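**Student:** Below is the file query15.pdb, which contains PDB, C-alpha atoms.
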```
ATOM      1  CA  MET A  12     124.583-117.855  95.020
ATOM      2  CA  ALA A  13     126.757-115.970  97.382
ATOM      3  CA  THR A  14     127.718-113.063  95.124
ATOM      4  CA  ASN A  15     125.738-109.904  95.894
ATOM      5  CA  ASN A  16     122.771-112.017  97.028
ATOM      6  CA  LEU A  17     121.580-112.320  93.415
ATOM      7  CA  LYS A  18     119.768-115.430  92.225
ATOM      8  CA  TRP A  19     121.545-117.179  89.350
ATOM      9  CA  PRO A  20     118.511-117.329  87.010
ATOM     10  CA  TYR A  21     118.292-113.538  87.350
ATOM     11  CA  VAL A  22     122.005-113.147  86.679
ATOM     12  CA  LEU A  23     121.727-115.514  83.726
ATOM     13  CA  SER A  24     118.875-113.452  82.305
ATOM     14  CA  LEU A  25     121.079-110.374  82.434
ATOM     15  CA  LEU A  26     123.830-112.225  80.602
ATOM     16  CA  LEU A  27     121.377-113.355  77.963
ATOM     17  CA  VAL A  28     120.248-109.812  77.358
ATOM     18  CA  ALA A  29     123.870-108.764  77.011
ATOM     19  CA  GLY A  30     124.489-111.535  74.475
ATOM     20  CA  MET A  31     127.236-112.986  76.633
ATOM     21  CA  VAL A  32     126.309-116.662  76.343
ATOM     22  CA  GLY A  33     125.949-116.975  72.620
ATOM     23  CA  ILE A  34     122.164-116.859  72.664
ATOM     24  CA  ALA A  35     121.810-114.163  70.010
ATOM     25  CA  SER A  36     123.373-116.341  67.326
ATOM     26  CA  ALA A  37     122.556-119.752  68.757
ATOM     27  CA  GLY A  38     118.810-119.469  69.318
ATOM     28  CA  ASN A  39     118.826-121.151  72.750
ATOM     29  CA  ILE A  40     120.100-124.551  71.614
ATOM     30  CA  ALA A  41     122.032-126.968  73.827
ATOM     31  CA  VAL A  42     123.808-130.024  72.441
ATOM     32  CA  TYR A  43     125.573-133.062  73.875
ATOM     33  CA  TRP A  44     129.091-133.672  72.562
ATOM     34  CA  GLY A  45     131.529-136.473  73.273
ATOM     35  CA  GLN A  46     129.942-139.798  72.354
ATOM     36  CA  ASN A  47     131.008-140.185  68.721
ATOM     37  CA  VAL A  48     134.498-139.488  67.438
ATOM     38  CA  ASN A  49     133.067-138.629  64.015
ATOM     39  CA  GLU A  50     131.195-135.592  65.343
ATOM     40  CA  GLY A  51     134.242-133.326  65.059
ATOM     41  CA  THR A  52     136.051-131.426  67.760
ATOM     42  CA  LEU A  53     134.602-129.549  70.674
ATOM     43  CA  ALA A  54     135.969-126.354  69.155
ATOM     44  CA  ASP A  55     134.161-127.124  65.894
ATOM     45  CA  ALA A  56     130.874-127.528  67.727
ATOM     46  CA  CYS A  57     131.250-124.191  69.458
ATOM     47  CA  SER A  58     132.386-122.304  66.364
ATOM     48  CA  SER A  59     129.355-123.529  64.386
ATOM     49  CA  GLY A  60     127.355-120.667  65.836
ATOM     50  CA  ASN A  61     124.430-123.010  66.453
ATOM     51  CA  TYR A  62     124.704-123.606  70.192
ATOM     52  CA  ALA A  63     124.506-121.651  73.417
ATOM     53  CA  TYR A  64     125.518-124.684  75.487
ATOM     54  CA  VAL A  65     127.763-127.618  74.635
ATOM     55  CA  ILE A  66     127.628-130.455  77.150
ATOM     56  CA  ILE A  67     130.649-132.761  77.364
ATOM     57  CA  SER A  68     129.419-136.314  77.910
ATOM     58  CA  PHE A  69     130.036-138.254  80.094
ATOM     59  CA  LEU A  70     131.648-138.687  83.471
ATOM     60  CA  SER A  71     130.222-142.198  83.438
ATOM     61  CA  THR A  72     131.819-143.715  86.549
ATOM     62  CA  PHE A  73     131.647-142.093  89.981
ATOM     63  CA  GLY A  74     130.477-142.616  93.538
ATOM     64  CA  ASN A  75     130.390-145.626  95.848
ATOM     65  CA  GLY A  76     134.128-145.388  96.437
ATOM     66  CA  GLN A  77     135.020-145.572  92.750
ATOM     67  CA  ALA A  78     137.601-143.367  91.074
ATOM     68  CA  PRO A  79     135.696-141.092  88.644
ATOM     69  CA  VAL A  80     136.193-141.984  84.976
ATOM     70  CA  LEU A  81     135.612-139.756  81.961
ATOM     71  CA  ASN A  82     134.329-141.574  78.849
ATOM     72  CA  LEU A  83     134.522-139.529  75.643
ATOM     73  CA  ALA A  84     134.118-142.444  73.234
ATOM     74  CA  GLY A  85     137.346-142.172  71.261
ATOM     75  CA  HIS A  86     137.922-138.422  71.394
ATOM     76  CA  CYS A  87     140.604-139.151  73.978
ATOM     77  CA  ASN A  88     141.465-141.962  76.341
ATOM     78  CA  PRO A  89     140.589-141.584  80.029
ATOM     79  CA  GLY A  90     143.394-139.673  81.692
ATOM     80  CA  GLU A  91     144.597-138.253  78.368
ATOM     81  CA  CYS A  92     142.019-135.522  77.700
ATOM     82  CA  ALA A  93     143.874-132.472  79.016
ATOM     83  CA  GLY A  94     144.365-131.314  75.422
ATOM     84  CA  LEU A  95     140.713-130.288  75.373
ATOM     85  CA  ALA A  96     141.588-127.244  77.480
ATOM     86  CA  SER A  97     142.289-125.132  74.401
ATOM     87  CA  ASP A  98     138.946-126.133  72.865
ATOM     88  CA  ILE A  99     137.141-125.214  76.065
ATOM     89  CA  GLN A 100     138.839-121.826  76.120
ATOM     90  CA  SER A 101     137.896-121.303  72.477
ATOM     91  CA  CYS A 102     134.261-122.087  73.275
ATOM     92  CA  LYS A 103     134.179-119.726  76.219
ATOM     93  CA  SER A 104     135.781-116.941  74.184
ATOM     94  CA  GLN A 105     132.814-117.219  71.806
ATOM     95  CA  GLY A 106     130.260-117.007  74.603
ATOM     96  CA  VAL A 107     129.358-120.695  74.524
ATOM     97  CA  ARG A 108     128.800-122.289  77.911
ATOM     98  CA  VAL A 109     130.565-125.652  78.348
ATOM     99  CA  LEU A 110     129.341-128.154  80.917
ATOM    100  CA  LEU A 111     130.287-131.660  82.021
ATOM    101  CA  SER A 112     127.491-134.224  82.087
ATOM    102  CA  LEU A 113     127.422-136.889  84.776
ATOM    103  CA  GLY A 114     125.862-140.288  84.174
ATOM    104  CA  GLY A 115     124.397-141.279  80.831
ATOM    105  CA  ARG A 116     122.839-144.558  79.873
ATOM    106  CA  GLY A 117     124.894-147.578  80.832
ATOM    107  CA  GLY A 118     127.385-145.912  83.143
ATOM    108  CA  ASN A 119     128.545-147.256  86.498
ATOM    109  CA  TYR A 120     127.561-144.598  88.972
ATOM    110  CA  GLY A 121     125.598-143.763  92.088
ATOM    111  CA  LEU A 122     125.870-141.938  95.403
ATOM    112  CA  SER A 123     125.813-143.927  98.627
ATOM    113  CA  SER A 124     125.620-141.189 101.249
ATOM    114  CA  THR A 125     125.704-137.485 102.020
ATOM    115  CA  ASP A 126     129.475-137.751 102.410
ATOM    116  CA  ASP A 127     129.693-139.383  98.977
ATOM    117  CA  ALA A 128     127.737-136.497  97.448
ATOM    118  CA  ASN A 129     129.900-133.897  99.171
ATOM    119  CA  SER A 130     133.098-135.681  98.132
ATOM    120  CA  LEU A 131     131.956-135.764  94.505
ATOM    121  CA  ALA A 132     131.089-132.068  94.643
ATOM    122  CA  ASP A 133     134.607-131.322  95.926
ATOM    123  CA  TYR A 134     136.128-133.514  93.206
ATOM    124  CA  LEU A 135     134.150-131.784  90.452
ATOM    125  CA  TRP A 136     134.992-128.354  91.799
ATOM    126  CA  ASP A 137     138.726-129.023  92.032
ATOM    127  CA  ASN A 138     139.103-131.040  88.831
ATOM    128  CA  PHE A 139     136.682-129.446  86.345
ATOM    129  CA  LEU A 140     135.399-126.157  87.721
ATOM    130  CA  GLY A 141     136.857-123.179  89.579
ATOM    131  CA  GLY A 142     138.749-125.004  92.311
ATOM    132  CA  THR A 143     142.509-125.207  92.642
ATOM    133  CA  GLY A 144     142.850-128.316  94.786
ATOM    134  CA  SER A 145     144.003-130.684  92.045
ATOM    135  CA  SER A 146     147.225-130.841  90.042
ATOM    136  CA  SER A 147     145.883-133.364  87.530
ATOM    137  CA  ARG A 148     142.734-131.904  86.017
ATOM    138  CA  PRO A 149     141.297-134.367  83.450
ATOM    139  CA  LEU A 150     140.388-131.652  80.922
ATOM    140  CA  GLY A 151     143.385-129.465  81.593
ATOM    141  CA  ALA A 152     143.533-126.060  83.224
ATOM    142  CA  ALA A 153     140.394-124.641  81.627
ATOM    143  CA  ALA A 154     137.461-124.292  84.018
ATOM    144  CA  LEU A 155     134.084-125.489  82.800
ATOM    145  CA  ASP A 156     130.982-123.391  83.347
ATOM    146  CA  GLY A 157     128.910-126.010  85.106
ATOM    147  CA  ILE A 158     127.629-129.524  85.707
ATOM    148  CA  ASP A 159     124.805-131.408  84.010
ATOM    149  CA  LEU A 160     123.038-134.406  85.545
ATOM    150  CA  ASP A 161     121.915-137.063  83.068
ATOM    151  CA  ILE A 162     121.153-139.752  85.626
ATOM    152  CA  GLU A 163     119.329-142.673  84.031
ATOM    153  CA  ASN A 164     119.766-145.672  86.338
ATOM    154  CA  GLY A 165     116.643-145.149  88.419
ATOM    155  CA  ASN A 166     118.507-144.446  91.669
ATOM    156  CA  PRO A 167     117.802-140.872  92.834
ATOM    157  CA  ALA A 168     119.633-141.053  96.164
ATOM    158  CA  HIS A 169     121.691-138.028  97.238
ATOM    159  CA  TYR A 170     121.664-136.065  93.961
ATOM    160  CA  ASP A 171     119.703-133.357  95.765
ATOM    161  CA  GLU A 172     122.612-133.118  98.193
ATOM    162  CA  LEU A 173     125.100-133.049  95.317
ATOM    163  CA  ALA A 174     123.202-130.136  93.774
ATOM    164  CA  SER A 175     123.179-128.280  97.087
ATOM    165  CA  ALA A 176     126.894-128.872  97.622
ATOM    166  CA  LEU A 177     127.758-127.593  94.139
ATOM    167  CA  LYS A 178     125.596-124.489  94.548
ATOM    168  CA  ALA A 179     127.366-123.775  97.837
ATOM    169  CA  LYS A 180     130.741-123.469  96.112
ATOM    170  CA  ASP A 181     132.259-120.009  95.760
ATOM    171  CA  GLY A 182     130.080-118.116  93.310
ATOM    172  CA  GLY A 183     127.830-121.117  92.729
ATOM    173  CA  VAL A 184     127.921-123.584  89.861
ATOM    174  CA  LEU A 185     125.731-123.542  86.760
ATOM    175  CA  LEU A 186     123.521-126.617  87.172
ATOM    176  CA  THR A 187     121.449-128.345  84.501
ATOM    177  CA  ALA A 188     119.647-131.668  84.283
ATOM    178  CA  ALA A 189     118.203-133.966  81.615
ATOM    179  CA  PRO A 190     115.259-135.903  83.047
ATOM    180  CA  GLN A 191     113.067-138.239  81.004
ATOM    181  CA  CYS A 192     109.671-136.774  80.097
ATOM    182  CA  PRO A 193     107.524-139.111  82.291
ATOM    183  CA  TYR A 194     106.888-137.066  85.440
ATOM    184  CA  PRO A 195     108.325-137.268  88.018
ATOM    185  CA  ASP A 196     111.660-138.540  86.766
ATOM    186  CA  ALA A 197     112.715-141.777  88.478
ATOM    187  CA  SER A 198     116.354-140.731  88.768
ATOM    188  CA  LEU A 199     116.240-136.957  89.234
ATOM    189  CA  GLY A 200     112.885-136.251  90.882
ATOM    190  CA  PRO A 201     114.150-135.310  94.368
ATOM    191  CA  ALA A 202     117.096-133.327  93.008
ATOM    192  CA  LEU A 203     114.851-131.262  90.756
ATOM    193  CA  GLN A 204     112.571-130.421  93.669
ATOM    194  CA  THR A 205     115.401-128.441  95.251
ATOM    195  CA  GLY A 206     114.766-125.594  92.799
ATOM    196  CA  LEU A 207     118.517-125.207  92.311
ATOM    197  CA  PHE A 208     118.729-125.966  88.584
ATOM    198  CA  ASP A 209     119.341-123.171  86.100
ATOM    199  CA  ALA A 210     118.114-125.142  83.088
ATOM    200  CA  VAL A 211     116.229-128.420  82.709
ATOM    201  CA  TRP A 212     116.310-130.087  79.289
ATOM    202  CA  VAL A 213     113.553-132.679  79.410
ATOM    203  CA  GLN A 214     114.143-135.690  77.142
ATOM    204  CA  PHE A 215     111.056-135.952  74.924
ATOM    205  CA  TYR A 216     112.353-139.052  73.155
ATOM    206  CA  ASN A 217     112.458-142.798  73.786
ATOM    207  CA  ASN A 218     109.317-142.195  75.838
ATOM    208  CA  PRO A 219     106.315-142.580  73.485
ATOM    209  CA  GLY A 220     103.727-141.738  76.153
ATOM    210  CA  CYS A 221     104.908-138.155  76.484
ATOM    211  CA  ALA A 222     106.665-137.514  73.183
ATOM    212  CA  TYR A 223     105.569-136.241  69.798
ATOM    213  CA  ALA A 224     103.292-138.792  68.144
ATOM    214  CA  GLY A 225     103.830-137.596  64.574
ATOM    215  CA  GLY A 226     101.472-136.166  62.011
ATOM    216  CA  GLY A 227     101.009-132.962  63.948
ATOM    217  CA  ASP A 228      99.860-134.754  67.120
ATOM    218  CA  ASP A 229     101.657-132.958  69.930
ATOM    219  CA  ALA A 230      98.952-133.432  72.590
ATOM    220  CA  ASN A 231     100.949-135.791  74.839
ATOM    221  CA  LEU A 232     104.098-133.706  74.520
ATOM    222  CA  VAL A 233     102.368-130.439  75.370
ATOM    223  CA  ALA A 234     100.557-132.042  78.310
ATOM    224  CA  ALA A 235     103.871-133.340  79.653
ATOM    225  CA  TRP A 236     105.473-129.944  79.091
ATOM    226  CA  ARG A 237     102.746-128.312  81.193
ATOM    227  CA  THR A 238     103.300-130.864  83.937
ATOM    228  CA  TRP A 239     107.042-130.270  84.004
ATOM    229  CA  THR A 240     106.933-126.505  83.908
ATOM    230  CA  GLY A 241     104.211-126.459  86.541
ATOM    231  CA  GLY A 242     105.756-129.030  88.846
ATOM    232  CA  VAL A 243     109.424-128.020  88.955
ATOM    233  CA  ARG A 244     110.978-124.666  89.794
ATOM    234  CA  ALA A 245     113.948-124.002  87.500
ATOM    235  CA  GLY A 246     115.529-121.133  85.640
ATOM    236  CA  SER A 247     114.275-122.381  82.266
ATOM    237  CA  PHE A 248     113.040-125.492  80.494
ATOM    238  CA  TYR A 249     114.310-126.901  77.207
ATOM    239  CA  LEU A 250     112.604-129.290  74.824
ATOM    240  CA  GLY A 251     115.001-132.253  74.542
ATOM    241  CA  LEU A 252     114.922-133.817  71.075
ATOM    242  CA  PRO A 253     116.833-136.272  68.886
ATOM    243  CA  ALA A 254     118.663-134.447  66.099
ATOM    244  CA  SER A 255     117.781-137.135  63.543
ATOM    245  CA  GLU A 256     115.595-140.206  63.108
ATOM    246  CA  ASP A 257     118.613-142.380  63.935
ATOM    247  CA  ALA A 258     119.408-140.599  67.199
ATOM    248  CA  ALA A 259     116.600-142.229  69.209
ATOM    249  CA  GLY A 260     114.043-144.993  69.033
ATOM    250  CA  SER A 261     111.158-142.517  69.071
ATOM    251  CA  GLY A 262     110.415-138.846  69.494
ATOM    252  CA  TYR A 263     112.001-137.355  66.371
ATOM    253  CA  ILE A 264     110.150-134.239  65.213
ATOM    254  CA  PRO A 265     110.575-133.138  61.583
ATOM    255  CA  THR A 266     111.873-129.588  61.441
ATOM    256  CA  GLY A 267     108.707-128.242  59.833
ATOM    257  CA  ASP A 268     106.525-129.801  62.536
ATOM    258  CA  LEU A 269     108.800-128.420  65.229
ATOM    259  CA  THR A 270     108.798-124.845  63.998
ATOM    260  CA  GLY A 271     105.204-124.811  62.760
ATOM    261  CA  THR A 272     103.354-126.766  65.459
ATOM    262  CA  VAL A 273     105.325-127.874  68.506
ATOM    263  CA  LEU A 274     107.362-124.790  69.364
ATOM    264  CA  PRO A 275     104.399-122.402  69.166
ATOM    265  CA  ALA A 276     102.483-124.734  71.484
ATOM    266  CA  VAL A 277     105.162-125.028  74.173
ATOM    267  CA  GLN A 278     106.141-121.367  73.913
ATOM    268  CA  SER A 279     102.548-120.442  74.718
ATOM    269  CA  VAL A 280     102.725-122.256  78.065
ATOM    270  CA  ASP A 281     103.728-120.111  81.017
ATOM    271  CA  GLY A 282     106.716-121.582  82.794
ATOM    272  CA  GLY A 283     110.098-120.533  81.500
ATOM    273  CA  TYR A 284     110.611-121.859  77.974
ATOM    274  CA  GLY A 285     114.329-121.619  77.206
ATOM    275  CA  GLY A 286     114.885-123.395  73.877
ATOM    276  CA  ILE A 287     115.739-126.897  72.694
ATOM    277  CA  MET A 288     118.327-129.497  73.587
ATOM    278  CA  LEU A 289     119.634-131.907  70.960
ATOM    279  CA  TRP A 290     121.039-135.403  71.219
ATOM    280  CA  SER A 291     123.635-135.236  69.890
ATOM    281  CA  ARG A 292     126.294-133.217  68.090
ATOM    282  CA  TYR A 293     127.082-136.200  65.847
ATOM    283  CA  TYR A 294     123.505-136.561  64.640
ATOM    284  CA  ASP A 295     123.176-132.814  64.304
ATOM    285  CA  VAL A 296     126.215-132.745  62.037
ATOM    286  CA  MET A 297     124.616-135.428  59.890
ATOM    287  CA  LYS A 298     121.194-133.729  59.738
ATOM    288  CA  ASN A 299     121.944-130.018  60.306
ATOM    289  CA  TYR A 300     118.842-129.980  62.505
ATOM    290  CA  SER A 301     120.009-127.011  64.572
ATOM    291  CA  GLY A 302     120.853-125.017  61.474
ATOM    292  CA  GLN A 303     117.361-125.550  60.111
ATOM    293  CA  VAL A 304     115.471-124.534  63.253
ATOM    294  CA  LYS A 305     117.610-122.028  65.148
ATOM    295  CA  GLY A 306     115.833-119.065  63.599
ATOM    296  CA  SER A 307     112.551-120.224  65.150
ATOM    297  CA  VAL A 308     113.793-121.496  68.495
TER     298      VAL A 308
END
```
Translate this file's structure into structure tokens.
**Tutor:**
Amino acid sequence: MATNNLKWPYVLSLLLVAGMVGIASAGNIAVYWGQNVNEGTLADACSSGNYAYVIISFLSTFGNGQAPVLNLAGHCNPGECAGLASDIQSCKSQGVRVLLSLGGRGGNYGLSSTDDANSLADYLWDNFLGGTGSSSRPLGAAALDGIDLDIENGNPAHYDELASALKAKDGGVLLTAAPQCPYPDASLGPALQTGLFDAVWVQFYNNPGCAYAGGGDDANLVAAWRTWTGGVRAGSFYLGLPASEDAAGSGYIPTGDLTGTVLPAVQSVDGGYGGIMLWSRYYDVMKNYSGQVKGSV
């Protein structure tokens, strides 16, 4: 960060103490929104009082000379999502941080060079963040708080340079990432080694070897948590979970097991526990997972 030579994790900690990012009511919960039209509006998600971060997903096409494409799965058609600006402003007025996630499973994306990474950073800054270099911002005039990397195609090239370019923007950019729990992550390993990420929500689902095994058996999960928090320097780490049994092929943790067994175990590990991340808002609406656990998170 350029402002006053302060490190962003330190600044973020001050904001948390001041209750400026919704943490007091939200219990350190992040949620992905945008991949099911039946999940309700972005404004509804923010006004639920359950989340500190809402992550718009996904910018699923970018890089390699392609025009970036936003895919919000029926919430709005690509190029017709500027109406979300009022929702974003509503979220921010309630202290909820709103980010844009890049990638996702099944997208068409990748970075071919340093120039490609720098060009994408400029595009994100001017079209979604604090820049003023674009007259056709896909989400309207509202500026998002940051960028999330959910890169899942196994190609890690140049995302470290993208992170560096975004952090070099005026005032810096809030950066988060969602690696898979096997360490190191095949897609985000080099980027995460930059130490530039403010929050890392590790996906402890669809990966049986490092996820919750059920019946109170959290040994593999806790071991993976120790590896992540010991191997990566980041502002904080979040336990990424499916919000219902239907949200993932494996890794669902019943709310009682989470609050009674898993959270005490990971919270006891030194290394910057921040809370939980949920996939996704749709499944959370169906299950009310966040509402059941936020008092313990």
**Student:** Which value, in Å to one decimal, gives the distance between CA of Tyr64 in chain A and CA of Lys180 in chain A?
**Tutor:**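 These atoms are spaced 21.3 Å apart.
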**Student:** Tell me, as a PyMOL selection string, which residues lie within 12 Å of Asp196 in chain A, counting only C-alpha atoms; anything in the same chain fewer than 5 positions away does not count.
**Tutor:** chain A and resi 161-167+188-191+201-204+211+213-214+218+235+238-239+242-243
**Student:** What is the CA of Ser255 in chain A to CA of Val42 in chain A distance in Å?
**Tutor:**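 So the answer is 12.9 Å.
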**Student:** Assuming the chain letters and numbering stay as they are in my file, what does the PyMOL selection byres ((chain A and resi 244) around 10) actually select? List them as a PDB file with C-alpha atoms, keeping the file's coordinate frame.
**Tutor:**
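File part-v5.pdb, as written:
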```
ATOM      1  CA  LEU A 203     114.851-131.262  90.756  1.00  0.00           C
ATOM      2  CA  GLN A 204     112.571-130.421  93.669  1.00  0.00           C
ATOM      3  CA  THR A 205     115.401-128.441  95.251  1.00  0.00           C
ATOM      4  CA  GLY A 206     114.766-125.594  92.799  1.00  0.00           C
ATOM      5  CA  LEU A 207     118.517-125.207  92.311  1.00  0.00           C
ATOM      6  CA  PHE A 208     118.729-125.966  88.584  1.00  0.00           C
ATOM      7  CA  ASP A 209     119.341-123.171  86.100  1.00  0.00           C
ATOM      8  CA  ALA A 210     118.114-125.142  83.088  1.00  0.00           C
ATOM      9  CA  VAL A 211     116.229-128.420  82.709  1.00  0.00           C
ATOM     10  CA  TRP A 239     107.042-130.270  84.004  1.00  0.00           C
ATOM     11  CA  THR A 240     106.933-126.505  83.908  1.00  0.00           C
ATOM     12  CA  GLY A 241     104.211-126.459  86.541  1.00  0.00           C
ATOM     13  CA  GLY A 242     105.756-129.030  88.846  1.00  0.00           C
ATOM     14  CA  VAL A 243     109.424-128.020  88.955  1.00  0.00           C
ATOM     15  CA  ALA A 245     113.948-124.002  87.500  1.00  0.00           C
ATOM     16  CA  GLY A 246     115.529-121.133  85.640  1.00  0.00           C
ATOM     17  CA  SER A 247     114.275-122.381  82.266  1.00  0.00           C
ATOM     18  CA  PHE A 248     113.040-125.492  80.494  1.00  0.00           C
ATOM     19  CA  GLY A 282     106.716-121.582  82.794  1.00  0.00           C
ATOM     20  CA  GLY A 283     110.098-120.533  81.500  1.00  0.00           C
TER      21      GLY A 283
END
```
**Student:** Measuring between all atoms listed in the file, which one of A:Leu135, A:Ala230, A:Ile264, A:Leu186 shows the shortest distance to Gly157 in chain A?
**Tutor:** A:Leu186
**Student:** When you draw a straight line from CA of Leu274 in chain A to CA of Cys102 in chain A, how long is it in Å?
**Tutor:**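 These two atoms are separated by 27.3 Å.
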**Student:** Between A:Cys92, A:Ala254, A:Val277, A:Cys221, single out the one closest to Ile67 in chain A, counting only C-alpha atoms.
**Tutor:**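 Nearest candidate to Ile67 in chain A out of A:Cys92, A:Ala254, A:Val277, A:Cys221: A:Cys92.
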**Student:** Go through the shown structure with the PyMOL selection byres ((chain A and resi 77) around 12) and write out the matching residues as a list of chain:residue names.
**Tutor:** A:Ser71, A:Thr72, A:Phe73, A:Gly74, A:Asn75, A:Gly76, A:Ala78, A:Pro79, A:Val80, A:Asn119, A:Tyr120, A:Gly121, A:Leu122, A:Ser123, A:Asp127, A:Ser130, A:Leu131
**Student:** Would you mind completing range 214-230 of chain A so that it carries N, CA and C atoms, and writing it out as an mmCIF file, keeping the file's coordinate frame?
**Tutor:**
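Written out: result-v9.cif:
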```cif
data_model
loop_
_atom_site.group_PDB
_atom_site.id
_atom_site.type_symbol
_atom_site.label_atom_id
_atom_site.label_comp_id
_atom_site.auth_asym_id
_atom_site.auth_seq_id
_atom_site.Cartn_x
_atom_site.Cartn_y
_atom_site.Cartn_z
ATOM 1 N N GLN A 214 113.962 -134.804 78.293
ATOM 2 C CA GLN A 214 114.143 -135.690 77.142
ATOM 3 C C GLN A 214 112.774 -136.173 76.626
ATOM 4 N N PHE A 215 112.320 -135.554 75.549
ATOM 5 C CA PHE A 215 111.056 -135.952 74.924
ATOM 6 C C PHE A 215 111.325 -136.943 73.798
ATOM 7 N N TYR A 216 112.067 -137.992 74.123
ATOM 8 C CA TYR A 216 112.353 -139.052 73.155
ATOM 9 C C TYR A 216 112.599 -140.346 73.908
ATOM 10 N N ASN A 217 112.411 -141.458 73.177
ATOM 11 C CA ASN A 217 112.458 -142.798 73.786
ATOM 12 C C ASN A 217 111.429 -142.954 74.904
ATOM 13 N N ASN A 218 110.416 -142.136 74.872
ATOM 14 C CA ASN A 218 109.317 -142.195 75.838
ATOM 15 C C ASN A 218 108.017 -141.897 75.098
ATOM 16 N N PRO A 219 107.458 -142.858 74.362
ATOM 17 C CA PRO A 219 106.315 -142.580 73.485
ATOM 18 C C PRO A 219 105.116 -141.955 74.186
ATOM 19 N N GLY A 220 104.905 -142.250 75.463
ATOM 20 C CA GLY A 220 103.727 -141.738 76.153
ATOM 21 C C GLY A 220 103.708 -140.244 76.356
ATOM 22 N N CYS A 221 104.867 -139.599 76.265
ATOM 23 C CA CYS A 221 104.908 -138.155 76.484
ATOM 24 C C CYS A 221 105.689 -137.432 75.394
ATOM 25 N N ALA A 222 105.904 -138.101 74.286
ATOM 26 C CA ALA A 222 106.665 -137.514 73.183
ATOM 27 C C ALA A 222 105.742 -137.192 72.008
ATOM 28 N N TYR A 223 106.314 -136.586 71.014
ATOM 29 C CA TYR A 223 105.569 -136.241 69.798
ATOM 30 C C TYR A 223 105.127 -137.519 69.091
ATOM 31 N N ALA A 224 103.841 -137.578 68.737
ATOM 32 C CA ALA A 224 103.292 -138.792 68.144
ATOM 33 C C ALA A 224 103.359 -138.797 66.622
ATOM 34 N N GLY A 225 103.754 -137.677 66.025
ATOM 35 C CA GLY A 225 103.830 -137.596 64.574
ATOM 36 C C GLY A 225 102.550 -137.062 63.969
ATOM 37 N N GLY A 226 102.645 -136.629 62.726
ATOM 38 C CA GLY A 226 101.472 -136.166 62.011
ATOM 39 C C GLY A 226 100.802 -134.949 62.611
ATOM 40 N N GLY A 227 101.576 -134.141 63.320
ATOM 41 C CA GLY A 227 101.009 -132.962 63.948
ATOM 42 C C GLY A 227 100.407 -133.190 65.317
ATOM 43 N N ASP A 228 100.451 -134.426 65.827
ATOM 44 C CA ASP A 228 99.860 -134.754 67.120
ATOM 45 C C ASP A 228 100.870 -134.492 68.239
ATOM 46 N N ASP A 229 100.748 -133.323 68.847
ATOM 47 C CA ASP A 229 101.657 -132.958 69.930
ATOM 48 C C ASP A 229 100.952 -132.922 71.282
ATOM 49 N N ALA A 230 99.757 -133.535 71.372
ATOM 50 C CA ALA A 230 98.952 -133.432 72.590
ATOM 51 C C ALA A 230 99.678 -133.995 73.808
#
```
